[in-house]
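Accompanying notes for the structure given below.
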Amino acid sequence: MHALPGHLTDAGLTRAAADRIASVADADGLGAVAGLDLGADPGRAMAALSESLLDGLHCAWSSPPY
């Protein structure tokens, strides 16, 4: 989840909103984010969540042991 705020700000959310969403995702899981206000373009925010998750998976697969 460490990359999530950056992906959200890249998607057009304010830093405060990105930090709030990342905090909820960290504490309560990604499912809890669905109930939040994701800004004017929720599709972009959801794409940012997906990108963040894929970044985490990429890091996990690129670090031994496999």
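To be explicit about the labels: the chains of the structure tokens are called A, B, and onward in the order shown, and within each one the residues are counted from 1, while ligands get numbers from 1 in the order they are shown.
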
Open item on the list: To test your reading of the structure, identify every residue in chain A that backbone DSSP assigns to alpha helix (DSSP H), and report it as a PyMOL selection string.
Closed with: chain A and resi 4-10+15-28+30-33+42-62

Q: For region 29-37 of chain A, please output as a ChimeraX atom specification all residues within 12 Å (counting only C-alpha atoms; exclusion window: fewer than 5 positions along the same chain).
A: /A:1,4,13,17-18,20-24,42-43,45-46,48-50,52-53

If you keep all heavy atoms, can you produce a file of those selected residues as a short mmCIF file (atom, residue, chain, number, x, y, z; two decimals), in the first residue's frame?
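Output contents, as saved in out_18.cif:
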```cif
data_model
loop_
_atom_site.label_atom_id
_atom_site.label_comp_id
_atom_site.auth_asym_id
_atom_site.auth_seq_id
_atom_site.Cartn_x
_atom_site.Cartn_y
_atom_site.Cartn_z
N MET A 1 0.80 -1.19 0.00
CA MET A 1 0.00 0.00 0.00
C MET A 1 0.85 1.26 0.00
O MET A 1 0.32 2.34 -0.12
CB MET A 1 -0.91 0.02 1.23
CG MET A 1 -2.02 -1.02 1.21
SD MET A 1 -3.34 -0.56 0.11
CE MET A 1 -3.28 -1.84 -1.07
N LEU A 4 0.27 3.51 -3.01
CA LEU A 4 -1.09 3.93 -3.30
C LEU A 4 -1.28 5.44 -3.30
O LEU A 4 -1.88 5.97 -4.24
CB LEU A 4 -2.07 3.26 -2.32
CG LEU A 4 -3.54 3.58 -2.50
CD1 LEU A 4 -4.01 3.29 -3.93
CD2 LEU A 4 -4.36 2.80 -1.50
N LEU A 13 -6.43 13.00 -7.53
CA LEU A 13 -6.93 13.27 -6.19
C LEU A 13 -5.94 14.16 -5.45
O LEU A 13 -4.74 14.16 -5.74
CB LEU A 13 -7.13 11.97 -5.40
CG LEU A 13 -8.45 11.25 -5.64
CD1 LEU A 13 -8.45 10.58 -7.00
CD2 LEU A 13 -8.71 10.25 -4.55
N ALA A 17 -6.78 13.62 0.21
CA ALA A 17 -7.72 12.55 -0.12
C ALA A 17 -6.99 11.24 -0.35
O ALA A 17 -7.43 10.17 0.09
CB ALA A 17 -8.53 12.93 -1.36
N ALA A 18 -5.85 11.30 -1.03
CA ALA A 18 -5.06 10.10 -1.29
C ALA A 18 -4.58 9.47 0.00
O ALA A 18 -4.65 8.25 0.18
CB ALA A 18 -3.88 10.43 -2.20
N ARG A 20 -5.99 9.79 2.95
CA ARG A 20 -7.17 9.26 3.66
C ARG A 20 -7.57 7.90 3.09
O ARG A 20 -7.81 6.94 3.83
CB ARG A 20 -8.32 10.25 3.54
CG ARG A 20 -9.62 9.80 4.20
CD ARG A 20 -10.72 10.84 4.06
NE ARG A 20 -10.93 11.30 2.69
CZ ARG A 20 -11.68 10.67 1.79
NH1 ARG A 20 -12.28 9.54 2.10
NH2 ARG A 20 -11.84 11.16 0.58
N ILE A 21 -7.61 7.80 1.78
CA ILE A 21 -7.98 6.54 1.13
C ILE A 21 -6.96 5.45 1.43
O ILE A 21 -7.31 4.32 1.74
CB ILE A 21 -8.16 6.74 -0.38
CG1 ILE A 21 -9.40 7.61 -0.62
CG2 ILE A 21 -8.27 5.42 -1.12
CD1 ILE A 21 -9.53 8.13 -2.04
N ALA A 22 -5.68 5.80 1.36
CA ALA A 22 -4.62 4.82 1.66
C ALA A 22 -4.71 4.36 3.11
O ALA A 22 -4.49 3.17 3.40
CB ALA A 22 -3.25 5.42 1.36
N SER A 23 -5.04 5.27 4.00
CA SER A 23 -5.17 4.91 5.42
C SER A 23 -6.31 3.92 5.63
O SER A 23 -6.17 2.93 6.36
CB SER A 23 -5.39 6.17 6.25
OG SER A 23 -5.59 5.85 7.60
N VAL A 24 -7.45 4.17 4.97
CA VAL A 24 -8.58 3.25 5.07
C VAL A 24 -8.22 1.89 4.47
O VAL A 24 -8.52 0.85 5.06
CB VAL A 24 -9.83 3.85 4.38
CG1 VAL A 24 -10.93 2.80 4.22
CG2 VAL A 24 -10.34 5.04 5.16
N PRO A 42 -14.14 8.59 -10.20
CA PRO A 42 -13.89 7.37 -9.43
C PRO A 42 -13.25 6.25 -10.25
O PRO A 42 -12.52 5.43 -9.72
CB PRO A 42 -15.26 6.95 -8.92
CG PRO A 42 -16.25 7.75 -9.66
CD PRO A 42 -15.55 8.93 -10.22
N GLY A 43 -13.49 6.24 -11.55
CA GLY A 43 -12.85 5.23 -12.40
C GLY A 43 -11.34 5.35 -12.38
O GLY A 43 -10.63 4.34 -12.31
N ALA A 45 -9.59 6.69 -9.97
CA ALA A 45 -9.14 6.32 -8.63
C ALA A 45 -9.09 4.80 -8.47
O ALA A 45 -8.14 4.26 -7.90
CB ALA A 45 -10.06 6.94 -7.58
N MET A 46 -10.10 4.10 -9.00
CA MET A 46 -10.09 2.64 -8.93
C MET A 46 -8.95 2.06 -9.76
O MET A 46 -8.34 1.06 -9.37
CB MET A 46 -11.44 2.08 -9.38
CG MET A 46 -12.59 2.41 -8.43
SD MET A 46 -12.30 1.90 -6.72
CE MET A 46 -12.42 0.13 -6.88
N ALA A 48 -6.12 3.50 -10.15
CA ALA A 48 -4.93 3.75 -9.33
C ALA A 48 -4.80 2.69 -8.25
O ALA A 48 -3.68 2.24 -7.94
CB ALA A 48 -5.01 5.14 -8.70
N LEU A 49 -5.93 2.25 -7.68
CA LEU A 49 -5.88 1.17 -6.69
C LEU A 49 -5.34 -0.11 -7.33
O LEU A 49 -4.51 -0.80 -6.75
CB LEU A 49 -7.28 0.92 -6.12
CG LEU A 49 -7.82 1.98 -5.18
CD1 LEU A 49 -9.30 1.76 -4.94
CD2 LEU A 49 -7.06 1.97 -3.87
N SER A 50 -5.81 -0.40 -8.53
CA SER A 50 -5.34 -1.59 -9.23
C SER A 50 -3.85 -1.51 -9.53
O SER A 50 -3.11 -2.49 -9.36
CB SER A 50 -6.12 -1.77 -10.55
OG SER A 50 -7.47 -1.95 -10.29
N SER A 52 -1.60 0.16 -7.94
CA SER A 52 -0.86 0.01 -6.69
C SER A 52 -0.76 -1.45 -6.29
O SER A 52 0.30 -1.92 -5.86
CB SER A 52 -1.55 0.82 -5.59
OG SER A 52 -0.88 0.67 -4.38
N LEU A 53 -1.86 -2.18 -6.43
CA LEU A 53 -1.87 -3.60 -6.11
C LEU A 53 -0.90 -4.36 -7.02
O LEU A 53 -0.13 -5.21 -6.56
CB LEU A 53 -3.27 -4.17 -6.23
CG LEU A 53 -3.44 -5.65 -5.92
CD1 LEU A 53 -3.06 -5.94 -4.48
CD2 LEU A 53 -4.86 -6.09 -6.18
#
```

### Two-atom distance - CA of Glu51 (chain A), CA of Ala3 (chain A) (Å)
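Interatomic distance here is 8.9 Å.
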